[in-house]
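Trainee: Starting off with a structure, shown below.
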Amino acid sequence: MAKKVIIMGGGIAGMTAAHELIERGFDVEIYESNTKYVGGKARSEDATVGPFNNIPGEHGFRFFPGFYRHLSHTMKRIPIGSGTVFNNLKKTEKIMFARDGKEPLTALVHFPLTAFDVDLVFKTLNGAPATGLSSGEKALIKEKLFQLMTSSNTRFNDEYEQTGWWYFVEADDNSPTYQNLFADGLTKSLVAAQAKTMSTRVGGSILLQLLYSMADPTMAPSRVLNGPTNEQFLIPWYDYLLTKGVVYHKSHEVQSINLVGSQIINITVKDEITNTILNIKGDYYLLAVPVEKASTLLNNLITSRDPVLSNPALLAANVEWMNGVQFYLNADLPLNDGHIVHSNSAWALTSISQVQYWAPNYDINMATGGLVKGVLSVDVSNWDAIFNGKTAKNCSELELVTGIYDQLRQSLALSSTPLPANMNTIVVGYHIGSSLKRVAPTVLVNEEPLLVNVVNSWGLMPKSWSTITNLFLAGDYVRTNTNLACMETANESARRAVNCIIDASGTGKPYAKVWKLRSWKMLMPYKWWDKKRYTKGLPYKSKYPWWLHVIAFIWAILCIIAWVFLYLFTLIFGPI
């Protein structure tokens, strides 16, 4: 008889676990509180524009970097039409740094493969338009990047976990331009984090993954979906899970996890539709809800059995807001072929012009009878900063959207496609993410904040298993190689939990694949040297003995030869 797994939470982690388990012969049930959508925070939503109430409300920074190996592996196994949802990914070409009072900076996000790409790279390297960085600041950026590339994993996991990103990049000693582009540019704009509290272990690791994928001609470093997230990813995934036998209960809120001795005997769930209380029993239980919800479900009886499970309550304090607002336009404005970081924006905005990637799969112009021709999807990552005398949290709805629009307009004023001064001349509607609830005219609460990895948070993160023999955990607060609040972390954490369930069940089923983060192999001699220094208690030092440079040179030649063969193989047979 097949073992039954009860999954609490139907986000990326819960759906990934269900996918891996159902394909290995387990019985799987998911209990999810959302009444309509699947995929948790990854979902898109139905928005209302004029008489149309099913227009996609997209999250601005929903993208799929090339270093996403776990999620990509799953997407390749979700059928849609004659292919898979992985085929729905389209690469972006550039990233733009829009700046108040200055021309935007545009950089290529992938390896240069055409004459136009090479020309753009040279323009970027030569500083056209001017970055505003001093020669010393440019040298410091290179120095810090080289330090990250050549630091040992041991130093990353210990010293850099205790070091804030702001301190590591020496932001206090440099100009506001340096702080906006390099220090804050990574944290506030790309993830919901603060540069002064986010650990260098996390910020540095993710930055390196982005750079490594950009330098690899066999990879597409930045990808977005070719249509709305629900239609092109989550609904096909949901349908696939149902056809395989997963039982997915929407509108079911988990109330408690009930423990006797060292085992869970059942969970208590409220059916929000019928308003009834159910006791659900399985062989194994997977907790795959956000950290703030997990901290309430892991009660005192549970944490007394496994004190590590009290840590999610501490991690739940480390959350920030990163929420989407969509502007629906009467003209399509493909401002950039990729994401835009609005570097000087008070509310740390990032945006993307969405519909340039949707044709021919979804025609918003046709869906709205010509009312909507463009979608500008924006993320707000700093809700506590002041703009026009108010924080984003304390704005009325109109003040919020006009404040966002004004910051977008200011940063794009010297771009090739500036926004009109009057928002109403181009904006025909907007949608604010549903997780933001207005409890007063000028007071917002966020029901779905995002976990951030602050200094020394790694030690608080639980693993996928616990001393409660049939309870397992998955989510962005669980230890993974990726270690960032994103879809990749959720997917990886679920795979780790599934492997623990397989191990506990004794079924002998194959384990789910788990990958390490990529590293640049040609720098291994320097990383080896740094590890030797670290084990002796010495700080990082970029002055190496002459013989190490010789070894590194020979090693680099061998790596380049191997890389050329891999590239030729990819050109002939396609990506690996």
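We label chains A, B, ... in the order they appear in the structure tokens, count residues from 1 in each chain, and number ligands from 1 in the order shown.
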Using only C-alpha atoms, determine which residues lie at most 10 Å from Leu297 of chain A, disregarding the query and same-chain residues fewer than 2 positions distant; provide the list as a PyMOL selection string.

Mentor: chain A and resi 254-258+267+287+289+291-295+299-300+302+313

Trainee: Include N, CA, C and O atoms and write out the residues we just selected as an mmCIF file, in the first residue's frame.

Mentor:
data_model
loop_
_atom_site.group_PDB
_atom_site.id
_atom_site.type_symbol
_atom_site.label_atom_id
_atom_site.label_comp_id
_atom_site.auth_asym_id
_atom_site.auth_seq_id
_atom_site.Cartn_x
_atom_site.Cartn_y
_atom_site.Cartn_z
ATOM 1 N N VAL A 254 -4.745 25.345 7.284
ATOM 2 C CA VAL A 254 -4.228 24.485 8.344
ATOM 3 C C VAL A 254 -4.291 25.239 9.666
ATOM 4 O O VAL A 254 -3.766 26.347 9.791
ATOM 5 N N GLN A 255 -4.950 24.634 10.646
ATOM 6 C CA GLN A 255 -5.129 25.269 11.946
ATOM 7 C C GLN A 255 -4.091 24.818 12.974
ATOM 8 O O GLN A 255 -3.629 25.626 13.777
ATOM 9 N N SER A 256 -3.763 23.532 12.941
ATOM 10 C CA SER A 256 -2.803 23.043 13.935
ATOM 11 C C SER A 256 -2.175 21.740 13.450
ATOM 12 O O SER A 256 -2.733 21.028 12.609
ATOM 13 N N ILE A 257 -0.989 21.471 13.995
ATOM 14 C CA ILE A 257 -0.290 20.205 13.783
ATOM 15 C C ILE A 257 -0.319 19.476 15.116
ATOM 16 O O ILE A 257 0.151 20.000 16.131
ATOM 17 N N ASN A 258 -0.883 18.269 15.135
ATOM 18 C CA ASN A 258 -1.175 17.576 16.393
ATOM 19 C C ASN A 258 -0.174 16.457 16.633
ATOM 20 O O ASN A 258 -0.032 15.533 15.830
ATOM 21 N N ILE A 267 -3.362 16.526 11.302
ATOM 22 C CA ILE A 267 -3.414 17.991 11.305
ATOM 23 C C ILE A 267 -4.879 18.418 11.292
ATOM 24 O O ILE A 267 -5.745 17.693 10.777
ATOM 25 N N LEU A 287 5.569 20.385 5.957
ATOM 26 C CA LEU A 287 5.195 21.773 6.217
ATOM 27 C C LEU A 287 5.847 22.647 5.154
ATOM 28 O O LEU A 287 7.067 22.806 5.127
ATOM 29 N N VAL A 289 4.610 25.936 4.175
ATOM 30 C CA VAL A 289 3.966 27.249 4.231
ATOM 31 C C VAL A 289 5.029 28.308 4.495
ATOM 32 O O VAL A 289 6.146 27.996 4.907
ATOM 33 N N VAL A 291 7.304 31.278 6.228
ATOM 34 C CA VAL A 291 7.916 31.216 7.553
ATOM 35 C C VAL A 291 7.025 31.812 8.629
ATOM 36 O O VAL A 291 6.952 31.281 9.758
ATOM 37 N N GLU A 292 6.281 32.898 8.315
ATOM 38 C CA GLU A 292 5.442 33.513 9.344
ATOM 39 C C GLU A 292 4.276 32.601 9.737
ATOM 40 O O GLU A 292 3.824 32.615 10.881
ATOM 41 N N LYS A 293 3.784 31.809 8.785
ATOM 42 C CA LYS A 293 2.728 30.840 9.087
ATOM 43 C C LYS A 293 3.318 29.627 9.802
ATOM 44 O O LYS A 293 2.735 29.107 10.765
ATOM 45 N N ALA A 294 4.476 29.175 9.358
ATOM 46 C CA ALA A 294 5.132 28.026 9.999
ATOM 47 C C ALA A 294 5.400 28.307 11.472
ATOM 48 O O ALA A 294 5.254 27.418 12.322
ATOM 49 N N SER A 295 5.787 29.536 11.774
ATOM 50 C CA SER A 295 6.129 29.872 13.165
ATOM 51 C C SER A 295 4.923 29.744 14.089
ATOM 52 O O SER A 295 5.083 29.471 15.285
ATOM 53 N N ASN A 299 4.027 24.689 17.342
ATOM 54 C CA ASN A 299 3.635 25.081 18.698
ATOM 55 C C ASN A 299 4.656 24.623 19.744
ATOM 56 O O ASN A 299 5.655 23.962 19.435
ATOM 57 N N ASN A 300 4.375 24.969 20.987
ATOM 58 C CA ASN A 300 5.327 24.693 22.066
ATOM 59 C C ASN A 300 5.578 23.208 22.260
ATOM 60 O O ASN A 300 6.699 22.800 22.602
ATOM 61 N N ILE A 302 5.590 20.940 19.940
ATOM 62 C CA ILE A 302 6.485 20.518 18.861
ATOM 63 C C ILE A 302 7.904 21.010 19.119
ATOM 64 O O ILE A 302 8.875 20.256 18.988
ATOM 65 N N ALA A 313 10.246 31.028 14.239
ATOM 66 C CA ALA A 313 9.635 32.186 14.898
ATOM 67 C C ALA A 313 10.607 33.359 14.943
ATOM 68 O O ALA A 313 10.202 34.530 14.836
#

Trainee: Could you give me, as a ChimeraX atom specification, the residues within 9 Å of segment 377-384 of chain A, counting only C-alpha atoms and dropping anything in the same chain fewer than 2 positions from it?

Mentor: /A:57-61,188-194,320-328,346-354,375,386,390-394,404

Trainee: Keeping C-alpha atoms, export the residues of the selection given above as a compact mmCIF listing (two decimals), in the first residue's frame.

Mentor:
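Result saved to result.txt:
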# COMPACT_ATOMS: atom_id res chain seq x y z
CA GLY A 57 -1.79 41.12 -12.90
CA GLU A 58 1.89 40.20 -13.12
CA HIS A 59 4.67 40.50 -10.59
CA GLY A 60 7.36 42.78 -11.99
CA PHE A 61 10.45 40.87 -11.03
CA LYS A 188 16.95 46.87 -2.36
CA SER A 189 16.23 46.62 -6.06
CA LEU A 190 16.77 42.94 -6.80
CA VAL A 191 15.58 41.32 -3.58
CA ALA A 192 13.60 42.66 -0.65
CA ALA A 193 16.65 43.22 1.54
CA GLN A 194 18.65 45.96 3.18
CA GLU A 320 10.43 42.73 4.15
CA TRP A 321 7.87 43.89 1.62
CA MET A 322 8.39 43.32 -2.10
CA ASN A 323 5.07 43.73 -3.90
CA GLY A 324 3.93 44.31 -7.42
CA VAL A 325 1.90 47.12 -8.95
CA GLN A 326 0.89 46.92 -12.61
CA PHE A 327 0.13 49.86 -14.88
CA TYR A 328 -2.11 49.14 -17.89
CA ALA A 346 13.09 56.25 -3.07
CA TRP A 347 10.90 53.17 -2.99
CA ALA A 348 13.52 50.95 -4.70
CA LEU A 349 11.57 50.25 -7.88
CA THR A 350 12.27 47.67 -10.56
CA SER A 351 10.10 47.28 -13.63
CA ILE A 352 9.63 45.42 -16.89
CA SER A 353 7.54 46.13 -19.96
CA GLN A 354 5.64 42.87 -20.08
CA VAL A 375 1.64 46.47 -19.25
CA ILE A 386 9.80 58.68 2.22
CA LYS A 390 5.10 59.84 2.88
CA THR A 391 6.23 56.24 3.05
CA ALA A 392 4.65 53.81 0.59
CA LYS A 393 2.99 52.03 3.52
CA ASN A 394 1.19 55.19 4.59
CA ILE A 404 5.32 55.06 -8.11

Trainee: Given the choices A:Ile7, A:Met524, A:Leu538, A:Leu140, which gets closest to Asp173 of chain A if the distance is worked out from only C-alpha atoms?

Mentor: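 Among A:Ile7, A:Met524, A:Leu538, A:Leu140, it is A:Leu140 that comes nearest to Asp173 of chain A.
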
Trainee: Counting only C-alpha atoms, which of A:Leu335, A:Ile6, A:Leu210, A:Val260 gets nearest to Phe472 of chain A?

Mentor: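 Residue with the minimum atom-to-atom distance to Phe472 of chain A: A:Ile6.
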
Trainee: Mind giving me the straight-line distance from atom CA of Leu211 of chain A to atom CA of Phe64 of chain A in Å, one decimal?

Mentor: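 Here the two named atoms are 14.4 Å from each other.
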
Trainee: Calculated over only C-alpha atoms, which of the candidates A:Ile12, A:Ser435, A:Ala17, A:Gly66 has the smallest distance to Ala494 of chain A?

Mentor: A:Ala17
